[in-house]
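Participant: Below is the file upload-v9.tsv, which contains TSV, C-alpha atoms.
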chain	number	residue	atom	x	y	z
A	1	MET	CA	102.85	53.77	111.81
A	2	LYS	CA	106.57	53.51	112.55
A	3	VAL	CA	108.67	53.70	109.38
A	4	SER	CA	112.21	53.88	108.12
A	5	VAL	CA	112.96	56.22	105.25
A	6	GLY	CA	113.96	54.54	101.99
A	7	GLY	CA	116.87	52.27	101.32
A	8	ASP	CA	116.06	48.55	101.04
A	9	LEU	CA	114.72	47.48	97.65
A	10	SER	CA	115.91	43.88	97.92
A	11	GLY	CA	112.39	42.58	97.36
A	12	ALA	CA	111.74	44.72	94.30
A	13	VAL	CA	112.02	43.61	90.68
A	14	ILE	CA	113.95	45.86	88.29
A	15	LEU	CA	111.91	46.01	85.09
A	16	LEU	CA	114.24	48.33	83.20
A	17	SER	CA	117.51	50.03	84.03
A	18	GLU	CA	119.39	52.49	81.81
A	19	LYS	CA	122.84	53.74	82.69
A	20	GLY	CA	123.16	57.44	83.39
A	21	GLY	CA	125.78	59.47	81.59
A	22	ALA	CA	127.79	62.64	82.05
A	23	ASP	CA	127.16	66.06	80.55
A	24	GLU	CA	128.15	69.69	80.95
A	25	MET	CA	125.88	72.45	82.17
A	26	ARG	CA	125.95	75.71	80.24
A	27	ALA	CA	126.17	79.04	82.02
A	28	PRO	CA	123.57	81.72	81.18
A	29	GLN	CA	124.33	83.89	78.16
A	30	LYS	CA	123.59	86.97	80.25
A	31	ILE	CA	121.97	87.97	83.53
A	32	TYR	CA	120.01	91.24	83.46
A	33	GLY	CA	119.49	92.97	86.80
A	34	GLU	CA	120.15	91.49	90.23
A	35	PRO	CA	118.05	89.00	92.22
A	36	PHE	CA	116.65	89.91	95.64
A	37	ASP	CA	118.70	87.02	97.03
A	38	ALA	CA	121.79	86.09	95.03
A	39	SER	CA	121.79	82.56	96.47
A	40	CYS	CA	119.11	81.60	93.94
A	41	LEU	CA	121.94	81.56	91.37
A	42	ASN	CA	124.13	79.14	93.32
A	43	GLY	CA	125.29	76.43	90.93
A	44	VAL	CA	124.03	78.28	87.86
A	45	GLU	CA	127.34	78.08	86.05
A	46	ARG	CA	129.34	75.98	83.65
A	47	ARG	CA	130.07	72.66	85.37
A	48	ASN	CA	129.99	68.91	84.96
A	49	ILE	CA	126.80	66.94	85.58
A	50	ILE	CA	126.77	63.26	86.52
A	51	GLU	CA	123.41	61.76	85.58
A	52	PRO	CA	121.87	58.97	87.69
A	53	ASP	CA	120.64	55.69	86.27
A	54	ARG	CA	117.05	55.52	85.07
A	55	ILE	CA	115.33	52.63	86.85
A	56	ALA	CA	111.80	51.21	86.89
A	57	TRP	CA	110.89	48.91	89.80
A	58	LYS	CA	107.97	46.61	90.44
A	59	LEU	CA	106.96	46.59	94.12
A	60	LEU	CA	104.50	44.23	95.80
A	61	ASP	CA	102.08	45.18	98.61
A	62	VAL	CA	102.31	48.96	98.39
A	63	THR	CA	100.34	51.80	99.97
A	64	VAL	CA	100.15	55.23	98.33
A	65	VAL	CA	100.54	57.85	101.08
A	66	GLY	CA	101.37	61.07	99.20
A	67	ASN	CA	101.88	62.77	95.87
A	68	ASN	CA	105.44	61.50	95.78
A	69	ALA	CA	105.38	58.89	98.56
A	70	LEU	CA	104.80	55.16	98.91
A	71	LEU	CA	104.88	52.75	101.84
A	72	TYR	CA	106.65	49.51	100.96
A	73	GLY	CA	106.65	47.26	104.00
A	74	ASN	CA	107.55	49.67	106.78
A	75	GLN	CA	109.70	51.82	104.50
A	76	LEU	CA	108.64	55.26	103.33
A	77	PHE	CA	109.86	56.08	99.84
A	78	VAL	CA	109.69	59.73	98.83
A	79	SER	CA	110.64	60.44	95.20
A	80	MET	CA	112.31	57.05	94.94
A	81	PRO	CA	114.84	56.17	96.15
A	82	ILE	CA	115.91	57.94	99.36
A	83	VAL	CA	119.28	56.56	100.40
A	84	THR	CA	121.55	59.35	101.66
A	85	GLU	CA	121.61	61.10	105.01
A	86	GLU	CA	121.41	64.47	103.23
A	87	GLN	CA	118.17	63.41	101.54
A	88	HIS	CA	116.78	62.16	104.87
A	89	LYS	CA	117.34	65.61	106.39
A	90	LYS	CA	115.76	67.33	103.40
A	91	ILE	CA	112.61	65.21	103.70
A	92	ASP	CA	112.37	65.97	107.43
A	93	ILE	CA	112.63	69.71	106.80
A	94	GLU	CA	110.26	69.89	103.81
A	95	ASN	CA	107.61	67.72	105.43
A	96	LYS	CA	107.15	70.21	108.27
A	97	TYR	CA	105.85	72.77	105.79
A	98	ASN	CA	104.42	70.77	102.90
A	99	HIS	CA	103.16	67.34	103.85
A	100	HIS	CA	102.28	66.11	100.35
A	101	GLY	CA	99.59	63.91	101.89
A	102	PHE	CA	101.47	62.54	104.89
A	103	LEU	CA	103.01	63.86	108.10
A	104	LEU	CA	106.44	62.63	109.13
A	105	GLN	CA	107.50	62.97	112.77
A	106	ALA	CA	110.42	61.66	114.81
A	107	ASP	CA	110.30	60.51	118.43
A	108	VAL	CA	112.33	62.98	120.50
A	109	GLN	CA	114.04	60.31	122.60
A	110	SER	CA	114.50	57.36	120.26
A	111	GLY	CA	114.69	59.22	116.95
A	112	GLU	CA	112.34	56.67	115.40
A	113	LYS	CA	110.21	58.03	112.55
A	114	PHE	CA	106.44	57.79	112.45
A	115	ALA	CA	104.33	58.50	109.37
A	116	TYR	CA	100.72	59.68	109.66
A	117	PHE	CA	98.71	59.62	106.47
A	118	ALA	CA	95.15	60.18	105.38
A	119	SER	CA	93.01	57.15	104.63
A	120	ALA	CA	89.39	56.20	104.15
A	121	ARG	CA	87.66	54.48	107.06
A	122	ARG	CA	87.87	51.29	105.04
A	123	ARG	CA	90.98	50.83	102.94
A	124	ASN	CA	90.35	49.76	99.37
A	125	HIS	CA	92.42	46.98	97.84
A	126	PHE	CA	93.42	47.24	94.19
A	127	PRO	CA	94.48	43.99	92.49
A	128	GLY	CA	96.61	43.95	89.37
A	129	LEU	CA	99.62	46.04	88.39
A	130	GLY	CA	99.51	49.84	88.52
A	131	VAL	CA	101.94	52.61	87.56
A	132	PHE	CA	102.72	55.34	90.10
A	133	PHE	CA	104.08	58.67	88.83
A	134	ALA	CA	105.64	60.59	91.71
A	135	ASN	CA	105.20	64.37	91.54
A	136	LEU	CA	106.05	67.11	94.01
A	137	GLU	CA	103.44	69.69	93.00
A	138	PRO	CA	100.03	68.34	91.93
A	139	ASN	CA	98.26	70.25	89.15
A	140	ASN	CA	101.39	72.31	88.47
A	141	TYR	CA	102.11	72.25	84.74
A	142	GLY	CA	105.83	73.04	85.02
A	143	SER	CA	106.32	70.32	87.62
A	144	PHE	CA	104.55	67.87	85.30
A	145	LEU	CA	106.90	68.72	82.42
A	146	PHE	CA	110.15	67.86	84.16
A	147	ARG	CA	109.02	65.40	86.82
A	148	VAL	CA	106.14	63.32	85.41
A	149	LEU	CA	106.53	63.53	81.63
A	150	PRO	CA	110.02	61.92	81.65
A	151	GLN	CA	108.61	59.02	83.69
A	152	MET	CA	105.74	58.60	81.20
A	153	LEU	CA	108.12	58.55	78.24
A	154	PHE	CA	110.39	56.06	80.01
A	155	LEU	CA	107.36	53.83	80.60
A	156	ALA	CA	106.39	54.07	76.92
A	157	ASP	CA	109.70	52.42	76.00
A	158	MET	CA	109.11	49.50	78.38
A	159	ASP	CA	107.65	46.18	77.27
A	160	VAL	CA	105.24	45.74	80.17
A	161	LYS	CA	101.49	45.32	80.56
A	162	PHE	CA	99.67	47.05	83.41
A	163	ASP	CA	96.15	47.83	84.57
A	164	PHE	CA	95.92	51.46	85.78
A	165	TYR	CA	97.77	54.69	86.55
A	166	VAL	CA	98.13	56.64	89.80
A	167	THR	CA	99.22	60.28	89.55
A	168	SER	CA	99.03	63.42	91.67
A	169	GLY	CA	96.42	65.07	89.45
A	170	ARG	CA	94.21	63.82	86.61
A	171	THR	CA	94.89	66.92	84.54
A	172	SER	CA	94.04	67.55	80.90
A	173	TRP	CA	97.73	67.66	79.98
A	174	PHE	CA	98.40	64.30	81.68
A	175	LEU	CA	95.54	62.66	79.80
A	176	GLU	CA	96.64	64.12	76.46
A	177	ALA	CA	100.25	63.11	77.11
A	178	LEU	CA	99.13	59.48	77.48
A	179	ARG	CA	97.87	59.58	73.89
A	180	LEU	CA	100.87	61.46	72.49
A	181	ALA	CA	103.28	59.04	74.17
A	182	ASN	CA	101.36	56.07	72.73
A	183	LEU	CA	100.64	54.74	76.21
A	184	PRO	CA	97.61	52.46	76.63
A	185	ILE	CA	94.32	53.90	77.81
A	186	ARG	CA	93.79	52.68	81.36
A	187	PRO	CA	91.91	54.01	84.42
A	188	VAL	CA	93.66	57.03	85.97
A	189	PHE	CA	93.42	57.47	89.74
A	190	SER	CA	94.49	60.67	91.47
A	191	VAL	CA	96.47	60.34	94.71
A	192	ALA	CA	93.66	62.07	96.63
A	193	GLU	CA	91.25	59.30	95.58
A	194	VAL	CA	93.43	56.36	96.66
A	195	ILE	CA	95.59	57.74	99.46
A	196	GLY	CA	96.01	55.15	102.19
A	197	ASP	CA	94.75	52.36	99.93
A	198	HIS	CA	96.54	49.07	99.31
A	199	PHE	CA	97.87	47.98	95.91
A	200	GLN	CA	98.82	44.45	94.96
A	201	SER	CA	101.72	45.70	92.83
A	202	ILE	CA	103.04	49.04	91.59
A	203	ILE	CA	105.61	50.17	89.02
A	204	THR	CA	107.53	53.23	90.14
A	205	PHE	CA	110.63	55.06	88.96
A	206	SER	CA	113.89	56.47	90.24
A	207	ASP	CA	114.16	60.25	90.48
A	208	PHE	CA	116.38	60.51	87.41
A	209	CYS	CA	115.65	64.11	86.40
A	210	ILE	CA	117.94	65.60	89.07
A	211	GLU	CA	115.97	68.74	89.82
A	212	GLY	CA	115.26	69.52	86.21
A	213	TRP	CA	118.26	68.11	84.35
A	214	LEU	CA	116.93	66.20	81.33
A	215	ASP	CA	119.41	63.55	80.20
A	216	ALA	CA	120.11	62.53	76.60
A	217	ALA	CA	117.68	59.59	76.65
A	218	THR	CA	114.88	61.79	77.98
A	219	ARG	CA	115.62	64.46	75.37
A	220	ARG	CA	115.44	61.82	72.64
A	221	ARG	CA	112.06	60.71	73.96
A	222	ILE	CA	110.82	64.31	74.08
A	223	SER	CA	111.81	64.70	70.41
A	224	LYS	CA	109.69	61.67	69.60
A	225	LEU	CA	106.78	63.23	71.52
A	226	VAL	CA	107.11	66.41	69.44
A	227	GLU	CA	107.06	64.28	66.29
A	228	ASN	CA	103.88	62.57	67.48
A	229	ALA	CA	102.27	65.94	68.23
A	230	SER	CA	103.15	67.23	64.76
A	231	GLN	CA	101.33	64.26	63.22
A	232	ALA	CA	98.18	64.80	65.29
A	233	LYS	CA	96.79	67.39	62.84
A	234	ILE	CA	96.17	69.92	65.61
A	235	GLU	CA	95.91	73.61	64.71
A	236	ALA	CA	98.60	75.59	66.53
A	237	ASN	CA	100.38	78.92	66.38
A	238	THR	CA	103.36	77.86	64.27
A	239	SER	CA	103.96	81.00	62.19
A	240	ASN	CA	105.40	83.18	64.96
A	241	LYS	CA	109.06	82.62	65.81
A	242	LYS	CA	109.21	85.23	68.59
A	243	LEU	CA	107.00	84.48	71.60
A	244	TYR	CA	106.15	86.48	74.71
A	245	ILE	CA	104.70	84.01	77.24
A	246	SER	CA	102.19	85.75	79.50
A	247	ARG	CA	100.84	85.00	82.96
A	248	LEU	CA	98.34	87.88	82.89
A	249	LEU	CA	95.42	85.44	83.09
A	250	GLY	CA	96.57	84.14	86.48
A	251	GLY	CA	96.08	87.40	88.37
A	252	GLY	CA	92.43	86.81	89.18
A	253	ALA	CA	92.80	83.20	90.25
A	254	ARG	CA	95.93	83.80	92.35
A	255	PRO	CA	95.95	87.51	93.28
A	256	HIS	CA	98.54	87.11	96.04
A	257	TYR	CA	100.99	84.84	94.24
A	258	ARG	CA	104.03	86.44	92.55
A	259	ARG	CA	102.11	89.08	90.59
A	260	LEU	CA	104.21	90.83	87.98
A	261	VAL	CA	102.54	94.19	88.53
A	262	ASN	CA	103.66	95.87	85.30
A	263	GLU	CA	103.27	92.92	82.95
A	264	THR	CA	100.70	94.72	80.78
A	265	GLU	CA	103.32	97.35	79.91
A	266	LEU	CA	106.01	94.70	79.34
A	267	ALA	CA	103.76	92.70	77.02
A	268	SER	CA	103.01	95.82	74.97
A	269	ARG	CA	106.73	96.54	74.59
A	270	ALA	CA	107.37	92.96	73.50
A	271	GLN	CA	104.60	93.14	70.91
A	272	ALA	CA	106.10	96.36	69.55
A	273	HIS	CA	109.28	94.35	68.89
A	274	GLY	CA	107.36	91.71	66.94
A	275	PHE	CA	106.68	89.20	69.70
A	276	LYS	CA	103.44	87.20	69.68
A	277	LEU	CA	101.54	87.22	72.98
A	278	ILE	CA	100.92	83.61	74.10
A	279	PHE	CA	98.63	82.30	76.87
A	280	PRO	CA	99.63	78.63	77.26
A	281	GLU	CA	96.77	77.79	79.65
A	282	THR	CA	94.27	78.40	76.82
A	283	MET	CA	95.85	75.68	74.65
A	284	LEU	CA	95.82	71.92	74.39
A	285	PHE	CA	99.04	70.23	75.45
A	286	SER	CA	99.82	69.37	71.83
A	287	GLN	CA	99.24	72.99	70.78
A	288	GLN	CA	101.73	74.18	73.38
A	289	ILE	CA	104.29	71.65	72.14
A	290	LEU	CA	103.98	72.78	68.52
A	291	THR	CA	103.88	76.50	69.35
A	292	PHE	CA	107.18	76.29	71.20
A	293	TYR	CA	108.73	73.86	68.75
A	294	ASN	CA	108.48	76.47	66.00
A	295	ALA	CA	109.91	79.33	68.08
A	296	ASP	CA	113.45	80.67	67.97
A	297	THR	CA	113.11	83.33	70.71
A	298	VAL	CA	111.04	82.96	73.89
A	299	ILE	CA	110.67	85.50	76.69
A	300	GLY	CA	108.32	85.64	79.66
A	301	PRO	CA	107.96	85.61	83.44
A	302	SER	CA	108.48	82.52	85.53
A	303	GLY	CA	105.21	80.68	86.10
A	304	SER	CA	103.76	81.48	82.69
A	305	GLY	CA	104.52	78.18	80.98
A	306	MET	CA	108.09	79.06	80.02
A	307	LEU	CA	109.24	75.49	80.63
A	308	ASN	CA	107.50	74.54	77.39
A	309	ALA	CA	110.86	75.64	75.96
A	310	ILE	CA	111.94	72.01	76.40
A	311	PHE	CA	110.06	71.46	73.12
A	312	SER	CA	111.94	74.26	71.31
A	313	PRO	CA	114.99	73.48	69.15
A	314	ARG	CA	118.51	73.61	70.56
A	315	ASP	CA	120.03	77.12	70.56
A	316	THR	CA	116.62	78.75	70.91
A	317	THR	CA	117.10	82.03	72.81
A	318	VAL	CA	115.24	82.07	76.13
A	319	VAL	CA	114.85	84.99	78.55
A	320	ASP	CA	113.34	83.86	81.85
A	321	MET	CA	112.11	86.80	83.94
A	322	GLU	CA	112.30	86.12	87.68
A	323	SER	CA	111.77	87.86	90.99
A	324	PHE	CA	113.41	85.61	93.54
A	325	HIS	CA	112.71	81.92	93.79
A	326	ASN	CA	114.65	78.73	94.37
A	327	THR	CA	113.27	77.44	91.07
A	328	VAL	CA	115.84	79.60	89.25
A	329	ARG	CA	118.32	76.73	89.58
A	330	GLN	CA	115.78	74.22	88.27
A	331	HIS	CA	114.99	76.41	85.29
A	332	ALA	CA	118.68	76.88	84.49
A	333	ARG	CA	119.19	73.11	84.48
A	334	ILE	CA	116.16	72.57	82.25
A	335	TYR	CA	117.23	75.21	79.73
A	336	SER	CA	120.87	74.12	79.74
A	337	SER	CA	120.19	70.39	79.41
A	338	THR	CA	117.97	71.03	76.38
A	339	GLY	CA	120.61	73.22	74.73
A	340	LYS	CA	119.00	76.65	75.05
A	341	ARG	CA	120.84	79.97	74.88
A	342	TYR	CA	119.26	81.05	78.13
A	343	ASN	CA	119.24	84.34	80.02
A	344	PHE	CA	117.72	85.58	83.27
A	345	LEU	CA	116.15	89.00	83.81
A	346	PHE	CA	115.54	89.84	87.47
A	347	GLY	CA	112.92	92.25	88.74
A	348	SER	CA	112.52	93.96	92.10
A	349	ILE	CA	110.25	92.97	94.98
A	350	GLU	CA	107.12	95.09	95.45
A	351	ASN	CA	104.81	94.97	98.50
A	352	LYS	CA	107.08	92.50	100.29
A	353	SER	CA	105.10	89.73	102.04
A	354	ASN	CA	106.13	87.31	104.77
A	355	ARG	CA	107.05	84.79	102.08
A	356	VAL	CA	109.32	86.86	99.87
A	357	ALA	CA	109.25	84.41	96.99
A	358	PHE	CA	105.49	84.96	96.63
A	359	SER	CA	105.58	88.78	96.80
A	360	ASP	CA	104.50	91.10	94.02
A	361	TRP	CA	107.37	92.13	91.76
A	362	LYS	CA	108.20	94.52	88.97
A	363	VAL	CA	110.59	94.55	86.01
A	364	ASP	CA	112.40	97.74	85.06
A	365	GLU	CA	110.98	98.69	81.66
A	366	GLY	CA	114.20	100.29	80.47
A	367	LEU	CA	116.14	97.12	81.26
A	368	PHE	CA	113.44	95.06	79.53
A	369	GLU	CA	113.72	97.29	76.44
A	370	THR	CA	117.49	96.80	76.40
A	371	CYS	CA	117.03	93.05	76.62
A	372	LEU	CA	114.53	93.02	73.74
A	373	LYS	CA	116.95	94.93	71.50
A	374	GLU	CA	119.87	92.65	72.36
A	375	ILE	CA	118.02	89.41	71.61
A	376	ALA	CA	116.37	90.70	68.42
Can the structure in the file be given as structure tokens, please?
Facilitator:
Amino acid sequence: MKVSVGGDLSGAVILLSEKGGADEMRAPQKIYGEPFDASCLNGVERRNIIEPDRIAWKLLDVTVVGNNALLYGNQLFVSMPIVTEEQHKKIDIENKYNHHGFLLQADVQSGEKFAYFASARRRNHFPGLGVFFANLEPNNYGSFLFRVLPQMLFLADMDVKFDFYVTSGRTSWFLEALRLANLPIRPVFSVAEVIGDHFQSIITFSDFCIEGWLDAATRRRISKLVENASQAKIEANTSNKKLYISRLLGGGARPHYRRLVNETELASRAQAHGFKLIFPETMLFSQQILTFYNADTVIGPSGSGMLNAIFSPRDTTVVDMESFHNTVRQHARIYSSTGKRYNFLFGSIENKSNRVAFSDWKVDEGLFETCLKEIA
């Protein structure tokens, strides 16, 4: 169908709006090594941050067409709201490579946009009021932490009754977060189950986490979540203050995705310095929260569950080991906004693939040893 991208919300009802503030981003304490592409550090510096307003809308007659996309009338909303020309261009570029459930194309002559999306032969109609949590990467735990969880906590502070949830993935951590956030138990639909279907009304949220920046209101809500987790009487690793977060278990499931080829040696060195080896994927969501909440030093490779550091106290020392990836900027914003004394340690690319960011990589063990001694 022919669509326009974002913009007109004149028919929507604002259920809750909170004014954004201003804050200052911290620079890293130290950067060990050099990234394969230095551009991944663009903007990772001390600077002012202007936070957007946090808004919840109620929309009528909505179709879910992607993990982060809704059709409202003939408007396509992707990570609500899309209003600037720069964002339009970004959506056009990203959609060519990662459709998120829909394909966006423009007519060569007229420039009009057409959206093609998957749908069942017969569209289902869902009455009542649902809640849609936009998410860029379904079933990605890190993406859940800084994209979906803030929306859930915002919803928990709203005085509104609703009938069901729609989210990119019905994961164990999403379901447990519902309980920890004191949200009501309602049916949970995954986007894949309802894509192309019609909804009578949907609550959705502005994209207020600005690529990982967690504002003061969101941080306050996260603190409340940690408090709820601590009262859940869940056994967790709370005695170790120094954590090495491992992604060794992911090698078999994703053998061609950013393997840290000498992680076994790195983990052994960390343990020799008193670090506890942690595998977050073996834990309940609440166990991960409490394990990180009690830490004062956290080190590990990107993709291991390092973003659980949002639950750690301010001034916790964090060393994020990276190869090369555009998520470096996201991680810096997450660590800075939550008050961490954060560092980056860059490794070298091994067995370079066509997509450099997904290549095998290796961390210099001498540099790693130096880092361990300096953060001790």
Participant: Could you tell me how far CA of Thr317 in chain A sits from CA of Asn48 in chain A, in Å to one decimal place?
Facilitator: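 So the answer is 22.0 Å.
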Participant: If we count only C-alpha atoms and set the cut-off at 9 Å, which residues sit around range 22-33 of chain A, ignoring sequence neighbours fewer than 6 positions away in its own chain? Please answer as an MDAnalysis selection string.
Facilitator: chainID A and resid 44:52 215:216 332:333 335:337 339:348 364 367:368 371
Participant: Measuring between only C-alpha atoms, which one of A:His198, A:His273, A:Arg221, A:Lys242 shows the shortest distance to Asn124 in chain A?
Facilitator: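 For Asn124 in chain A, the nearest of the given residues is A:His198.
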Participant: Counting only C-alpha atoms, figure out which residue out of A:Met158, A:Val191, A:Val356, A:Ile310 gets nearest to Ser223 in chain A.
Facilitator: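 Of all the options, A:Ile310 lies closest to Ser223 in chain A.
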Participant: Just to confirm, what's the straight-line distance from CA of Val166 in chain A to CA of Val188 in chain A in Å (one decimal)?
Facilitator: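 Between CA of Val166 in chain A and CA of Val188 in chain A the gap is 5.9 Å.
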Participant: Interatomic distance between CA of Ala38 in chain A and CA of Phe324 in chain A?
Facilitator: 8.5 Å
Participant: Which is closest to Arg186 in chain A among A:Ala236, A:Ile210, A:Leu129, A:Leu145, if we use all atoms listed in the file?
Facilitator: A:Leu129
Participant: Which neighbours of Tyr165 in chain A fall inside 8 Å, counting only C-alpha atoms, when residues of the same chain fewer than 3 positions from it are skipped, and could you give them as a ChimeraX atom specification?
Facilitator: /A:130-133,186-189
Participant: Could you make a table, as JSON lines, of the residues of range 188-289 of chain A that have an atom within 8 Å of an atom of range 58-82 of chain A, each with its nearest atom pair and distance in Å to one decimal, counting only C-alpha atoms, in chain and number order?
Facilitator:
{"residue": "A:Val191", "atom": "CA", "partner": "A:Asn67", "partner_atom": "CA", "distance": 6.0}
{"residue": "A:Val194", "atom": "CA", "partner": "A:Val64", "partner_atom": "CA", "distance": 7.0}
{"residue": "A:Ile195", "atom": "CA", "partner": "A:Val65", "partner_atom": "CA", "distance": 5.2}
{"residue": "A:Gly196", "atom": "CA", "partner": "A:Val65", "partner_atom": "CA", "distance": 5.4}
{"residue": "A:Asp197", "atom": "CA", "partner": "A:Thr63", "partner_atom": "CA", "distance": 5.6}
{"residue": "A:His198", "atom": "CA", "partner": "A:Thr63", "partner_atom": "CA", "distance": 4.7}
{"residue": "A:Phe199", "atom": "CA", "partner": "A:Val62", "partner_atom": "CA", "distance": 5.2}
{"residue": "A:Gln200", "atom": "CA", "partner": "A:Asp61", "partner_atom": "CA", "distance": 4.9}
{"residue": "A:Ser201", "atom": "CA", "partner": "A:Leu60", "partner_atom": "CA", "distance": 4.3}
{"residue": "A:Ile202", "atom": "CA", "partner": "A:Leu59", "partner_atom": "CA", "distance": 5.3}
{"residue": "A:Ile203", "atom": "CA", "partner": "A:Lys58", "partner_atom": "CA", "distance": 4.5}
{"residue": "A:Thr204", "atom": "CA", "partner": "A:Lys58", "partner_atom": "CA", "distance": 6.6}
{"residue": "A:Phe205", "atom": "CA", "partner": "A:Met80", "partner_atom": "CA", "distance": 6.5}
{"residue": "A:Ser206", "atom": "CA", "partner": "A:Met80", "partner_atom": "CA", "distance": 5.0}
{"residue": "A:Asp207", "atom": "CA", "partner": "A:Met80", "partner_atom": "CA", "distance": 5.8}
Participant: May I ask which of the residues A:Gly274, A:Pro35, A:Gly142, A:Gly300 is the closest one to Gly212 in chain A, counting all atoms listed in the file?
Facilitator: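 Among the listed residues, the smallest separation from Gly212 in chain A belongs to A:Gly142.
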Participant: Up to 6 Å from (108.7, 86.6, 85.0) in the file's coordinates: name the residues, counting all atoms listed in the file, as a ChimeraX atom specification.
Facilitator: /A:300-302,321-322
Participant: Pick from A:Ser172, A:Asn351, A:Thr238, A:Gln271: nearest to Arg259 in chain A, with only C-alpha atoms counted?
Facilitator: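 For Arg259 in chain A, the nearest of the given residues is A:Asn351.
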Participant: Please provide as a list in words all residues within 12 Å of Arg269 in chain A, with the sequence filter that same-chain residues fewer than 5 positions apart are discarded (counting all atoms listed in the file).
Facilitator: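 Counting all atoms listed in the file, the residues come to Tyr244, Asn262, Glu263, Thr264, Gly274, Phe275, Lys276, Leu277, Ile299, Asp364, Glu365, Gly366, Leu367, Phe368, Glu369, Thr370, Cys371, Leu372 and Lys373 of chain A.
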Participant: Between A:Trp213, A:Ile245, A:Lys161, A:Leu15, which has the minimum distance to Arg329 in chain A (counting all atoms listed in the file)?
Facilitator: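 When distances to Arg329 in chain A are compared using all atoms listed in the file, the smallest one comes from A:Trp213.
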